[in-house]
$ cat upload37.txt   # compact mmCIF, C-alpha atoms and all ligand atoms
# COMPACT_ATOMS: atom_id res chain seq x y z
CA MET A 1 71.43 -49.16 45.12
CA TYR A 2 71.31 -45.39 45.26
CA VAL A 3 68.73 -44.06 47.66
CA CYS A 4 69.68 -40.40 47.49
CA VAL A 5 70.59 -39.51 43.95
CA CYS A 6 71.27 -35.88 44.82
CA LYS A 7 74.04 -36.84 47.26
CA ALA A 8 74.96 -40.18 45.66
CA VAL A 9 74.25 -42.09 48.86
CA THR A 10 73.49 -45.82 48.72
CA ASP A 11 71.32 -48.00 50.92
CA SER A 12 74.48 -49.73 52.14
CA GLN A 13 75.90 -46.44 53.37
CA ILE A 14 72.66 -45.63 55.16
CA LYS A 15 72.45 -49.10 56.73
CA THR A 16 76.04 -48.80 57.91
CA ALA A 17 75.29 -45.42 59.47
CA ILE A 18 72.23 -46.87 61.22
CA GLU A 19 74.29 -49.81 62.52
CA ASN A 20 76.76 -47.28 63.90
CA GLY A 21 74.13 -45.43 65.89
CA VAL A 22 72.55 -42.97 63.52
CA CYS A 23 68.87 -43.16 64.32
CA THR A 24 67.01 -40.21 62.83
CA ARG A 25 66.59 -38.66 59.40
CA LYS A 26 68.12 -35.47 60.78
CA GLN A 27 71.24 -37.36 61.81
CA LEU A 28 71.40 -39.08 58.41
CA PHE A 29 71.20 -35.67 56.80
CA GLN A 30 73.96 -34.38 59.04
CA CYS A 31 76.34 -37.27 58.36
CA LEU A 32 75.49 -38.23 54.76
CA GLY A 33 73.52 -35.28 53.43
CA VAL A 34 70.52 -37.41 52.43
CA GLY A 35 67.23 -35.62 52.02
CA GLY A 36 68.68 -32.14 51.97
CA ASP A 37 68.10 -31.32 48.33
CA CYS A 38 64.98 -32.51 46.50
CA GLY A 39 63.72 -34.71 49.36
CA LYS A 40 62.57 -37.54 47.09
CA CYS A 41 64.64 -40.01 49.10
CA ASN A 42 62.98 -39.23 52.43
CA LYS A 43 60.37 -41.97 52.18
CA GLN A 44 62.97 -44.66 51.51
CA VAL A 45 65.28 -43.27 54.19
CA LYS A 46 62.39 -43.47 56.65
CA GLU A 47 61.78 -47.09 55.62
CA LEU A 48 65.44 -47.91 56.16
CA LEU A 49 65.16 -46.42 59.63
CA GLY A 50 62.44 -48.97 60.27
CA GLY A 51 59.52 -46.60 60.30
CA GLN A 52 59.85 -46.22 64.00
CA ASP A 53 60.52 -43.13 65.97
CA ARG A 54 63.99 -43.89 67.17
CA ARG A 55 64.22 -40.53 68.84
CA GLN A 56 62.45 -42.06 71.81
CA VAL A 57 64.91 -43.29 74.35
CA ASP A 58 64.05 -45.99 76.81
CA LEU A 59 64.79 -44.58 80.22
CA PRO A 60 64.97 -46.46 83.48
CA PRO A 61 62.09 -45.90 85.92
CA ALA A 62 61.77 -42.38 87.32
CA GLN A 63 62.81 -43.44 90.82
CA ASN A 64 66.36 -43.67 89.49
CA TYR A 65 66.34 -39.92 88.97
CA PRO A 66 66.50 -38.17 92.37
CA VAL A 67 65.47 -34.82 90.87
CA PHE A 68 62.10 -36.24 89.84
CA ASN A 69 61.53 -37.62 93.32
CA SER A 70 62.28 -34.30 95.01
CA ILE A 71 59.70 -32.26 93.10
CA GLN A 72 56.63 -31.48 95.15
CA ILE A 73 53.49 -30.18 93.60
CA GLU A 74 50.89 -28.30 95.59
CA VAL A 75 47.39 -29.04 94.49
CA PRO A 76 44.78 -26.42 95.42
CA ALA A 77 42.03 -27.75 97.63
S1 LIG B 101 67.30 -37.77 46.27
FE1 LIG B 101 67.88 -37.30 48.27
S2 LIG B 101 67.74 -35.18 48.38
FE2 LIG B 101 67.28 -35.63 46.34
$ encode --input "upload37.txt" --output "structure tokens"
Amino acid sequence: MYVCVCKAVTDSQIKTAIENGVCTRKQLFQCLGVGGDCGKCNKQVKELLGGQDRRQVDLPPAQNYPVFNSIQIEVPA
């Protein structure tokens, strides 16, 4: 089924892109062009992305990043 009529992009194409690591609407626009014209497909594209903010990346605890451990902050008395 076509999701983006303007760019003739189907839900299958979008799902395949997501399975291959595309995780934001911006990235879908960059690789498939969806949402760049009239924008009517944006709601469905967002639904296909799962409605979650996939831009958040799960990072290991801060102690694994030496730079964070070396920052010292002086707090005025
Ligand atoms: S339907 Fe996707 S930009 Fe128009």
$ atom_distance --input "upload37.txt" --atom1 "atom CA of A:Lys15" --atom2 "atom CA of A:Cys38"
20.9 Å
$ closest_residue --input "upload37.txt" --among "A:Val22, A:Ala17, A:Cys41, A:Gly35" --to "A:Tyr2" --atoms "only C-alpha atoms"
A:Cys41
$ residues_near_ligand --input "upload37.txt" --ligand "ligand LIG 101 (chain B)" --cutoff "7 Å" --atoms "all atoms listed in the file" --output "PyMOL selection string"
chain A and resi 3-7+34-42
$ residues_around --input "upload37.txt" --residues "stretch 23-32 of chain A" --least-positions-apart "3" --cutoff "9 Å" --atoms "only C-alpha atoms" --output "list in words"
Lys7, Val9, Gln13, Ile14, Ala17, Ile18, Glu19, Asn20, Gly35, Gly36, Asn42, Val45, Lys46, Leu49, Asp53, Arg54 and Arg55 of chain A
